[in-house]
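A.B. asks: One file: target_29.txt (compact mmCIF, C-alpha atoms).
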```txt
# COMPACT_ATOMS: atom_id res chain seq x y z
CA MET A 1 72.82 21.38 81.59
CA SER A 2 74.67 19.66 78.77
CA ASP A 3 72.91 17.85 75.94
CA VAL A 4 73.85 14.54 77.57
CA SER A 5 72.28 15.68 80.86
CA ASP A 6 69.12 16.79 79.06
CA MET A 7 68.90 13.40 77.32
CA SER A 8 69.51 11.66 80.64
CA VAL A 9 66.53 13.45 82.21
CA LEU A 10 64.42 12.37 79.23
CA ALA A 11 65.72 8.82 79.62
CA MET A 12 64.68 8.83 83.28
CA PHE A 13 61.18 9.96 82.31
CA VAL A 14 60.98 7.09 79.82
CA ILE A 15 62.16 4.64 82.50
CA GLY A 16 59.42 5.86 84.85
CA LEU A 17 56.84 5.54 82.06
CA MET A 18 58.06 2.05 81.12
CA GLY A 19 57.89 0.96 84.74
CA ALA A 20 54.07 1.20 84.72
CA GLY A 21 53.59 -2.51 85.29
CA HIS A 22 56.17 -2.57 88.06
CA CYS A 23 54.72 0.55 89.72
CA VAL A 24 51.18 -0.79 89.66
CA GLY A 25 52.39 -4.05 91.16
CA MET A 26 54.33 -2.31 93.95
CA CYS A 27 52.08 0.68 94.75
CA GLY A 28 48.80 0.13 92.90
CA GLY A 29 47.14 -1.48 95.91
CA ILE A 30 48.13 1.46 98.11
CA VAL A 31 46.79 3.98 95.60
CA ALA A 32 43.52 2.04 95.34
CA ALA A 33 43.23 1.96 99.14
CA LEU A 34 43.83 5.71 99.35
CA GLY A 35 41.17 6.35 96.72
CA PHE A 36 38.72 4.05 98.51
CA ALA A 37 39.37 5.74 101.88
CA ALA A 38 38.50 9.12 100.36
CA GLU A 39 35.53 7.86 98.30
CA GLY A 40 32.38 9.89 98.79
CA LYS A 41 34.16 12.64 100.71
CA GLY A 42 35.17 14.76 97.72
CA ARG A 43 38.84 14.32 98.62
CA ARG A 44 39.89 11.48 96.37
CA TRP A 45 41.93 13.48 93.88
CA PRO A 46 43.51 15.88 96.42
CA ILE A 47 44.67 12.87 98.45
CA LEU A 48 45.97 10.96 95.42
CA LEU A 49 47.74 14.04 94.07
CA SER A 50 49.29 14.90 97.43
CA TYR A 51 50.42 11.30 97.88
CA ASN A 52 52.14 11.31 94.49
CA LEU A 53 53.64 14.75 95.07
CA GLY A 54 55.15 13.49 98.32
CA ARG A 55 56.43 10.37 96.59
CA ILE A 56 58.07 12.36 93.78
CA LEU A 57 59.53 14.84 96.27
CA SER A 58 61.14 11.99 98.20
CA TYR A 59 62.64 10.69 94.94
CA SER A 60 63.97 14.19 94.18
CA VAL A 61 65.53 14.62 97.64
CA ALA A 62 67.20 11.23 97.33
CA GLY A 63 68.40 12.19 93.84
CA GLY A 64 70.02 15.34 95.23
CA LEU A 65 71.76 13.38 97.98
CA VAL A 66 73.20 10.74 95.67
CA GLY A 67 74.15 13.47 93.17
CA LEU A 68 76.12 15.12 95.98
CA LEU A 69 77.80 11.78 96.67
CA GLY A 70 78.68 11.50 92.98
CA LEU A 71 80.09 15.05 93.04
CA PHE A 72 82.39 14.04 95.90
CA GLY A 73 83.56 11.03 93.87
CA ARG A 74 84.22 13.20 90.83
CA GLU A 75 86.07 16.01 92.62
CA TYR A 76 88.06 14.12 95.25
CA LEU A 77 88.34 10.57 93.93
CA PHE A 78 88.71 11.63 90.27
CA LEU A 79 86.01 9.26 89.10
CA GLY A 80 84.50 11.57 86.45
CA PRO A 81 85.06 9.40 83.33
CA TRP A 82 84.17 6.26 85.27
CA LEU A 83 80.90 7.76 86.54
CA ARG A 84 79.86 8.69 83.03
CA GLY A 85 80.64 5.20 81.76
CA LEU A 86 78.76 3.70 84.70
CA SER A 87 75.68 5.78 83.86
CA GLY A 88 75.67 4.23 80.39
CA VAL A 89 76.02 0.74 81.81
CA LEU A 90 73.11 1.37 84.20
CA LEU A 91 70.91 2.57 81.33
CA ILE A 92 71.69 -0.63 79.44
CA LEU A 93 70.88 -2.75 82.51
CA MET A 94 67.66 -0.82 83.17
CA GLY A 95 66.61 -1.33 79.56
CA LEU A 96 67.17 -5.07 79.94
CA TYR A 97 65.36 -5.06 83.30
CA LEU A 98 62.29 -3.20 82.05
CA ALA A 99 61.99 -5.32 78.91
CA ASP A 100 62.22 -8.39 81.18
CA TRP A 101 65.20 -9.70 79.20
CA TRP A 102 67.56 -9.80 82.22
CA ARG A 103 66.46 -8.81 85.75
CA VAL A 104 69.97 -8.42 87.12
CA LEU A 105 69.09 -5.21 89.00
CA SER A 106 66.63 -6.96 91.32
CA TRP A 107 69.43 -7.38 93.89
CA LEU A 108 69.15 -3.64 94.67
CA GLU A 109 65.63 -4.29 95.92
CA ARG A 110 66.89 -6.78 98.47
CA GLY A 111 69.44 -4.27 99.76
CA GLY A 112 66.71 -1.69 100.36
CA GLN A 113 64.93 -3.96 102.82
CA TYR A 114 67.34 -2.75 105.52
CA ILE A 115 66.20 0.88 105.07
CA TRP A 116 62.53 -0.02 104.89
CA ARG A 117 62.74 -1.90 108.19
CA TYR A 118 63.08 1.43 110.02
CA LEU A 119 60.53 3.36 107.95
CA GLN A 120 57.72 0.81 107.94
CA PRO A 121 56.45 1.60 111.49
CA LEU A 122 56.09 5.28 110.50
CA VAL A 123 54.19 4.33 107.33
CA ASN A 124 51.84 2.06 109.28
CA GLY A 125 51.05 4.98 111.57
CA LEU A 126 50.01 7.16 108.62
CA PHE A 127 48.04 4.53 106.73
CA ARG A 128 44.65 5.98 107.75
CA VAL A 129 44.93 8.94 105.38
CA THR A 130 42.15 11.46 106.03
CA GLY A 131 43.39 14.50 104.12
CA ALA A 132 45.89 15.88 101.62
CA GLY A 133 48.49 16.75 104.27
CA ARG A 134 48.54 13.22 105.63
CA GLY A 135 48.56 11.86 102.08
CA PHE A 136 51.63 13.98 101.31
CA MET A 137 53.49 12.65 104.36
CA PHE A 138 52.45 9.11 103.48
CA GLY A 139 53.85 9.60 99.94
CA MET A 140 57.10 11.03 101.31
CA LEU A 141 57.67 7.87 103.34
CA TRP A 142 56.33 5.46 100.73
CA GLY A 143 58.88 6.86 98.27
CA TRP A 144 61.54 4.92 100.19
CA LEU A 145 59.80 1.57 99.66
CA PRO A 146 62.40 -1.03 98.58
CA CYS A 147 62.08 -1.05 94.80
CA GLY A 148 64.71 -2.27 92.35
CA LEU A 149 63.53 0.21 89.72
CA VAL A 150 63.78 3.23 92.05
CA TYR A 151 67.16 2.18 93.39
CA SER A 152 68.46 1.63 89.87
CA ALA A 153 67.27 5.13 89.00
CA LEU A 154 69.05 6.48 92.09
CA ALA A 155 72.26 4.74 91.08
CA PHE A 156 71.97 6.45 87.71
CA ALA A 157 71.27 9.82 89.39
CA ALA A 158 74.47 9.43 91.41
CA THR A 159 76.50 9.21 88.21
CA THR A 160 75.37 12.73 87.21
CA ALA A 161 77.80 13.92 89.91
CA GLU A 162 75.69 17.06 90.45
CA PRO A 163 73.01 17.53 93.14
CA LEU A 164 70.71 19.56 90.83
CA SER A 165 71.04 17.04 88.01
CA GLY A 166 70.28 14.25 90.47
CA VAL A 167 67.15 16.09 91.63
CA LEU A 168 65.96 16.68 88.06
CA ALA A 169 66.69 13.10 87.00
CA MET A 170 64.68 11.59 89.87
CA ALA A 171 61.88 14.16 89.47
CA ALA A 172 61.61 13.18 85.80
CA PHE A 173 61.51 9.52 86.81
CA GLY A 174 58.71 10.23 89.29
CA VAL A 175 56.69 12.22 86.77
CA GLY A 176 57.07 9.33 84.33
CA THR A 177 55.36 7.02 86.84
CA LEU A 178 52.36 9.34 87.29
CA PRO A 179 50.15 8.09 84.41
CA ALA A 180 50.08 4.57 85.82
CA MET A 181 49.51 5.83 89.37
CA LEU A 182 46.77 8.36 88.69
CA ALA A 183 44.68 6.97 85.84
CA GLY A 184 41.32 5.50 86.84
CA GLY A 185 38.36 3.61 85.39
CA ALA A 186 38.29 2.10 81.90
CA PHE A 187 40.92 4.54 80.70
CA SER A 188 43.24 3.18 83.39
CA THR A 189 42.87 -0.35 82.01
CA GLN A 190 43.55 0.79 78.44
CA LEU A 191 46.51 2.90 79.55
CA LYS A 192 48.09 0.08 81.53
CA GLN A 193 47.61 -2.34 78.66
CA TRP A 194 49.29 0.13 76.29
CA LEU A 195 52.20 0.82 78.65
CA GLN A 196 52.64 -2.90 79.31
CA SER A 197 52.57 -3.79 75.61
CA ARG A 198 55.46 -6.12 74.82
CA LEU A 199 56.22 -4.34 71.56
CA LEU A 200 56.25 -0.86 73.13
CA ARG A 201 58.38 -1.97 76.07
CA SER A 202 60.86 -3.68 73.75
CA LEU A 203 61.17 -0.62 71.50
CA MET A 204 61.65 1.76 74.43
CA ALA A 205 64.11 -0.64 76.05
CA LEU A 206 66.15 -0.72 72.83
CA VAL A 207 66.25 3.10 72.82
CA LEU A 208 67.58 3.10 76.40
CA ILE A 209 70.14 0.41 75.59
CA LEU A 210 71.39 2.29 72.51
CA PHE A 211 71.62 5.55 74.45
CA GLY A 212 73.49 3.77 77.24
CA ALA A 213 75.89 2.20 74.74
CA TRP A 214 76.55 5.62 73.20
CA ILE A 215 77.36 7.08 76.64
CA VAL A 216 79.76 4.21 77.38
CA TRP A 217 81.47 4.65 74.00
CA SER A 218 81.82 8.44 74.44
CA ALA A 219 83.20 7.99 77.98
CA MET A 220 85.80 5.50 76.73
CA ALA A 221 86.76 7.84 73.87
CA HIS A 222 87.13 10.75 76.28
CA ALA A 223 89.24 8.68 78.67
CA HIS A 224 91.46 7.58 75.73
CA HIS A 225 92.09 11.14 74.54
CA GLN A 226 92.59 12.62 77.98
CA PRO A 227 96.20 11.38 78.49
CA VAL A 228 97.10 12.60 74.99
CA GLU A 229 95.69 16.04 75.75
CA ALA A 230 97.50 16.13 79.09
CA ALA A 231 100.80 15.18 77.42
CA SER A 232 100.26 17.85 74.76
CA GLU A 233 99.63 20.49 77.40
CA LYS A 234 102.74 19.38 79.28
CA GLY A 235 104.84 19.59 76.11
CA THR A 236 103.55 23.08 75.40
CA SER A 237 104.37 24.14 78.93
CA ASN A 238 107.96 22.82 78.61
CA THR A 239 108.44 24.63 75.30
CA ASP A 240 107.25 27.91 76.80
CA HIS A 241 109.62 27.42 79.70
CA GLN A 242 112.58 26.87 77.32
CA HIS A 243 111.77 30.04 75.38
CA MET A 244 111.64 31.99 78.61
CA HIS A 245 115.00 30.54 79.64
CA HIS A 246 116.65 31.65 76.36
```
Can you give me the file's structure in the form of structure tokens?
C.D. replies:
Amino acid sequence: MSDVSDMSVLAMFVIGLMGAGHCVGMCGGIVAALGFAAEGKGRRWPILLSYNLGRILSYSVAGGLVGLLGLFGREYLFLGPWLRGLSGVLLILMGLYLADWWRVLSWLERGGQYIWRYLQPLVNGLFRVTGAGRGFMFGMLWGWLPCGLVYSALAFAATTAEPLSGVLAMAAFGVGTLPAMLAGGAFSTQLKQWLQSRLLRSLMALVLILFGAWIVWSAMAHAHHQPVEAASEKGTSNTDHQHMHH
């Protein structure tokens, strides 16, 4: 992958890590219920780990699908420069969203309600998790829960315009959410307080916003130079043709 792609995967990990408060609010009750169901049976950690593995796998599959969609847009609709610029804009918006400065991306969550309407009956059928296999399936379905943060991450993964990059981006996002989803006891409280610290969230949000602004600037610069390069190549081709004619 390119340096930009590597940095994008790192940015997605940071977004997952920053979303600790959001993740606990959306899924913390489910994780607690899974742990309680397995309490005293020696299966708490296998169930929690399998649930999170299924959840991250569902993110990764979705990332590959939207990356394939982005590839189609790049190759057949010639949206390459626009997709790169859009990825920068999404990083800026996600930084604002996670720092709670502007929650403009919450509309994506409302759109996901239509998908969840069809998946919810399946999830309800698996809610009585009794083992790691069932926990994995539960996580696979729960990964599609309507969530503005996940859908924003998927929109960013689509702009990579590569299925593998989309998979890696969403896997990094999922791994970033793990600390908040797995930690337990007093350490869990300390960890959540640290991840939800206003200062830390603001600093990390600023890093995302600056990285997004840099991507937007580089995409605009590339789009500006592209016509010049094309004209130069065309001029060179005409000159070669004239020499051949003489």
A.B. asks: Could you work out how far atom CA of A:Leu10 lies from atom CA of A:Gly143, giving the answer in Å with one decimal?
C.D. replies: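 Atom CA of A:Leu10 lies 20.6 Å from atom CA of A:Gly143.
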A.B. asks: Find, counting only C-alpha atoms, the residue in A:Gly73, A:Gly67, A:Gly212, A:Gly135 that gets nearest to A:Arg44.
C.D. replies: A:Gly135
A.B. asks: From the set A:Gly139, A:Gly133, A:Gly166, A:Pro179, which residue has the shortest atom-to-atom contact distance to A:Ser58, counting all atoms listed in the file?
C.D. replies: A:Gly139
A.B. asks: I'd like the interatomic distance between atom CA of A:Phe173 and atom CA of A:Ala132, to a tenth of an Å.
C.D. replies: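 The value is 22.4 Å.
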A.B. asks: Would you compute the distance between atom CA of A:Ile56 and atom CA of A:Ala171? Give it in Å to one decimal.
C.D. replies: 6.0 Å
A.B. asks: A:Trp45, A:Tyr97, A:Trp102, A:Tyr59: which is nearest A:Val150, counting only C-alpha atoms?
C.D. replies: A:Tyr59
A.B. asks: If we count all atoms listed in the file, what is near A:Val104 at a cut-off of 10 Å, once residues fewer than 6 positions away on the same chain are taken out, given as a VMD selection string?
C.D. replies: chain A and resid 93 to 94 96 to 97 148
A.B. asks: Given the choices A:Ser60, A:Ser87, A:Ser8, A:Asn52, which gets closest to A:Ala219 if the distance is worked out from all atoms listed in the file?
C.D. replies: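 Selected residue with least distance to A:Ala219: A:Ser87.
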A.B. asks: Taking (85.4, 9.6, 92.6) in the file's coordinates, which residues come within 10 Å, counting only C-alpha atoms, written as JSON, numbers by chain?
C.D. replies: {"A": [69, 70, 71, 72, 73, 74, 75, 76, 77, 78, 79, 80, 81, 82, 83, 159, 161]}
A.B. asks: Go through A:Gly16, A:Gly95, A:Gly131, A:Gly85 one by one, measure the shortest atom-to-atom distance of each to A:Ile47 using all atoms listed in the file, and give the residue with the smallest value.
C.D. replies: A:Gly131
A.B. asks: Have a look at A:Val9, A:Leu86, A:Met220, A:Leu98 and name the one nearest to A:Leu206; count only C-alpha atoms.
C.D. replies: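 The answer is A:Leu98, which sits nearest to A:Leu206.
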A.B. asks: If I only want stretch 83-98 of chain A, can you write it with all heavy atoms, as a PDB file, in the first residue's frame?
C.D. replies:
```
ATOM      1  N   LEU A  83     -12.652  10.784  -5.151  1.00  0.00           N
ATOM      2  CA  LEU A  83     -12.721   9.851  -4.033  1.00  0.00           C
ATOM      3  C   LEU A  83     -11.664  10.167  -2.990  1.00  0.00           C
ATOM      4  O   LEU A  83     -11.916  10.101  -1.786  1.00  0.00           O
ATOM      5  CB  LEU A  83     -12.547   8.416  -4.529  1.00  0.00           C
ATOM      6  CG  LEU A  83     -13.726   7.810  -5.300  1.00  0.00           C
ATOM      7  CD1 LEU A  83     -13.356   6.446  -5.857  1.00  0.00           C
ATOM      8  CD2 LEU A  83     -14.948   7.701  -4.403  1.00  0.00           C
ATOM      9  N   ARG A  84     -10.465  10.520  -3.453  1.00  0.00           N
ATOM     10  CA  ARG A  84      -9.410  10.852  -2.505  1.00  0.00           C
ATOM     11  C   ARG A  84      -9.763  12.112  -1.716  1.00  0.00           C
ATOM     12  O   ARG A  84      -9.579  12.180  -0.503  1.00  0.00           O
ATOM     13  CB  ARG A  84      -8.092  11.045  -3.240  1.00  0.00           C
ATOM     14  CG  ARG A  84      -6.907  11.222  -2.296  1.00  0.00           C
ATOM     15  CD  ARG A  84      -5.611  11.293  -3.041  1.00  0.00           C
ATOM     16  NE  ARG A  84      -4.490  11.446  -2.133  1.00  0.00           N
ATOM     17  CZ  ARG A  84      -3.245  11.670  -2.509  1.00  0.00           C
ATOM     18  NH1 ARG A  84      -2.955  11.757  -3.797  1.00  0.00           N
ATOM     19  NH2 ARG A  84      -2.288  11.801  -1.624  1.00  0.00           N
ATOM     20  N   GLY A  85     -10.276  13.116  -2.419  1.00  0.00           N
ATOM     21  CA  GLY A  85     -10.697  14.333  -1.731  1.00  0.00           C
ATOM     22  C   GLY A  85     -11.820  14.063  -0.743  1.00  0.00           C
ATOM     23  O   GLY A  85     -11.835  14.602   0.368  1.00  0.00           O
ATOM     24  N   LEU A  86     -12.756  13.184  -1.140  1.00  0.00           N
ATOM     25  CA  LEU A  86     -13.873  12.844  -0.259  1.00  0.00           C
ATOM     26  C   LEU A  86     -13.385  12.140   0.996  1.00  0.00           C
ATOM     27  O   LEU A  86     -13.927  12.356   2.087  1.00  0.00           O
ATOM     28  CB  LEU A  86     -14.867  11.954  -1.008  1.00  0.00           C
ATOM     29  CG  LEU A  86     -16.091  11.484  -0.215  1.00  0.00           C
ATOM     30  CD1 LEU A  86     -16.913  12.658   0.284  1.00  0.00           C
ATOM     31  CD2 LEU A  86     -16.947  10.541  -1.063  1.00  0.00           C
ATOM     32  N   SER A  87     -12.354  11.297   0.860  1.00  0.00           N
ATOM     33  CA  SER A  87     -11.818  10.614   2.046  1.00  0.00           C
ATOM     34  C   SER A  87     -11.283  11.619   3.051  1.00  0.00           C
ATOM     35  O   SER A  87     -11.454  11.454   4.265  1.00  0.00           O
ATOM     36  CB  SER A  87     -10.715   9.627   1.639  1.00  0.00           C
ATOM     37  OG  SER A  87      -9.540  10.307   1.208  1.00  0.00           O
ATOM     38  N   GLY A  88     -10.641  12.684   2.559  1.00  0.00           N
ATOM     39  CA  GLY A  88     -10.152  13.731   3.454  1.00  0.00           C
ATOM     40  C   GLY A  88     -11.283  14.467   4.134  1.00  0.00           C
ATOM     41  O   GLY A  88     -11.218  14.750   5.340  1.00  0.00           O
ATOM     42  N   VAL A  89     -12.332  14.760   3.379  1.00  0.00           N
ATOM     43  CA  VAL A  89     -13.489  15.446   3.945  1.00  0.00           C
ATOM     44  C   VAL A  89     -14.132  14.589   5.038  1.00  0.00           C
ATOM     45  O   VAL A  89     -14.508  15.091   6.113  1.00  0.00           O
ATOM     46  CB  VAL A  89     -14.519  15.766   2.844  1.00  0.00           C
ATOM     47  CG1 VAL A  89     -15.822  16.276   3.460  1.00  0.00           C
ATOM     48  CG2 VAL A  89     -13.953  16.804   1.878  1.00  0.00           C
ATOM     49  N   LEU A  90     -14.239  13.277   4.779  1.00  0.00           N
ATOM     50  CA  LEU A  90     -14.845  12.380   5.771  1.00  0.00           C
ATOM     51  C   LEU A  90     -14.003  12.316   7.044  1.00  0.00           C
ATOM     52  O   LEU A  90     -14.553  12.245   8.153  1.00  0.00           O
ATOM     53  CB  LEU A  90     -15.009  10.982   5.171  1.00  0.00           C
ATOM     54  CG  LEU A  90     -16.178  10.824   4.203  1.00  0.00           C
ATOM     55  CD1 LEU A  90     -16.081   9.495   3.465  1.00  0.00           C
ATOM     56  CD2 LEU A  90     -17.510  10.927   4.945  1.00  0.00           C
ATOM     57  N   LEU A  91     -12.675  12.320   6.901  1.00  0.00           N
ATOM     58  CA  LEU A  91     -11.822  12.332   8.092  1.00  0.00           C
ATOM     59  C   LEU A  91     -12.047  13.597   8.917  1.00  0.00           C
ATOM     60  O   LEU A  91     -12.099  13.549  10.145  1.00  0.00           O
ATOM     61  CB  LEU A  91     -10.348  12.231   7.692  1.00  0.00           C
ATOM     62  CG  LEU A  91      -9.813  10.838   7.370  1.00  0.00           C
ATOM     63  CD1 LEU A  91      -8.338  10.916   7.014  1.00  0.00           C
ATOM     64  CD2 LEU A  91     -10.009   9.897   8.550  1.00  0.00           C
ATOM     65  N   ILE A  92     -12.184  14.719   8.231  1.00  0.00           N
ATOM     66  CA  ILE A  92     -12.448  15.977   8.931  1.00  0.00           C
ATOM     67  C   ILE A  92     -13.788  15.901   9.678  1.00  0.00           C
ATOM     68  O   ILE A  92     -13.893  16.262  10.860  1.00  0.00           O
ATOM     69  CB  ILE A  92     -12.455  17.159   7.945  1.00  0.00           C
ATOM     70  CG1 ILE A  92     -11.047  17.369   7.368  1.00  0.00           C
ATOM     71  CG2 ILE A  92     -12.946  18.440   8.624  1.00  0.00           C
ATOM     72  CD1 ILE A  92     -10.994  18.365   6.226  1.00  0.00           C
ATOM     73  N   LEU A  93     -14.812  15.385   8.987  1.00  0.00           N
ATOM     74  CA  LEU A  93     -16.139  15.290   9.605  1.00  0.00           C
ATOM     75  C   LEU A  93     -16.146  14.305  10.772  1.00  0.00           C
ATOM     76  O   LEU A  93     -16.811  14.539  11.789  1.00  0.00           O
ATOM     77  CB  LEU A  93     -17.168  14.869   8.553  1.00  0.00           C
ATOM     78  CG  LEU A  93     -17.447  15.894   7.443  1.00  0.00           C
ATOM     79  CD1 LEU A  93     -18.448  15.338   6.447  1.00  0.00           C
ATOM     80  CD2 LEU A  93     -17.947  17.210   8.027  1.00  0.00           C
ATOM     81  N   MET A  94     -15.386  13.195  10.630  1.00  0.00           N
ATOM     82  CA  MET A  94     -15.328  12.226  11.720  1.00  0.00           C
ATOM     83  C   MET A  94     -14.585  12.795  12.926  1.00  0.00           C
ATOM     84  O   MET A  94     -14.920  12.514  14.073  1.00  0.00           O
ATOM     85  CB  MET A  94     -14.690  10.925  11.241  1.00  0.00           C
ATOM     86  CG  MET A  94     -15.660  10.030  10.488  1.00  0.00           C
ATOM     87  SD  MET A  94     -15.028   8.358  10.175  1.00  0.00           S
ATOM     88  CE  MET A  94     -14.057   8.653   8.708  1.00  0.00           C
ATOM     89  N   GLY A  95     -13.556  13.599  12.658  1.00  0.00           N
ATOM     90  CA  GLY A  95     -12.868  14.267  13.750  1.00  0.00           C
ATOM     91  C   GLY A  95     -13.804  15.200  14.503  1.00  0.00           C
ATOM     92  O   GLY A  95     -13.836  15.206  15.746  1.00  0.00           O
ATOM     93  N   LEU A  96     -14.598  15.956  13.767  1.00  0.00           N
ATOM     94  CA  LEU A  96     -15.569  16.860  14.391  1.00  0.00           C
ATOM     95  C   LEU A  96     -16.642  16.084  15.153  1.00  0.00           C
ATOM     96  O   LEU A  96     -17.078  16.488  16.236  1.00  0.00           O
ATOM     97  CB  LEU A  96     -16.223  17.726  13.308  1.00  0.00           C
ATOM     98  CG  LEU A  96     -15.295  18.715  12.588  1.00  0.00           C
ATOM     99  CD1 LEU A  96     -16.012  19.336  11.398  1.00  0.00           C
ATOM    100  CD2 LEU A  96     -14.831  19.807  13.546  1.00  0.00           C
ATOM    101  N   TYR A  97     -17.051  14.947  14.583  1.00  0.00           N
ATOM    102  CA  TYR A  97     -18.093  14.111  15.187  1.00  0.00           C
ATOM    103  C   TYR A  97     -17.612  13.513  16.505  1.00  0.00           C
ATOM    104  O   TYR A  97     -18.316  13.540  17.522  1.00  0.00           O
ATOM    105  CB  TYR A  97     -18.462  13.011  14.190  1.00  0.00           C
ATOM    106  CG  TYR A  97     -19.513  12.025  14.655  1.00  0.00           C
ATOM    107  CD1 TYR A  97     -20.862  12.309  14.510  1.00  0.00           C
ATOM    108  CD2 TYR A  97     -19.155  10.795  15.192  1.00  0.00           C
ATOM    109  CE1 TYR A  97     -21.833  11.390  14.913  1.00  0.00           C
ATOM    110  CE2 TYR A  97     -20.109   9.876  15.599  1.00  0.00           C
ATOM    111  CZ  TYR A  97     -21.447  10.182  15.447  1.00  0.00           C
ATOM    112  OH  TYR A  97     -22.391   9.284  15.851  1.00  0.00           O
ATOM    113  N   LEU A  98     -16.386  12.967  16.496  1.00  0.00           N
ATOM    114  CA  LEU A  98     -15.869  12.284  17.674  1.00  0.00           C
ATOM    115  C   LEU A  98     -15.501  13.254  18.801  1.00  0.00           C
ATOM    116  O   LEU A  98     -15.559  12.895  19.977  1.00  0.00           O
ATOM    117  CB  LEU A  98     -14.651  11.435  17.295  1.00  0.00           C
ATOM    118  CG  LEU A  98     -14.988  10.192  16.460  1.00  0.00           C
ATOM    119  CD1 LEU A  98     -13.723   9.547  15.914  1.00  0.00           C
ATOM    120  CD2 LEU A  98     -15.775   9.186  17.283  1.00  0.00           C
TER     121      LEU A  98
END
```
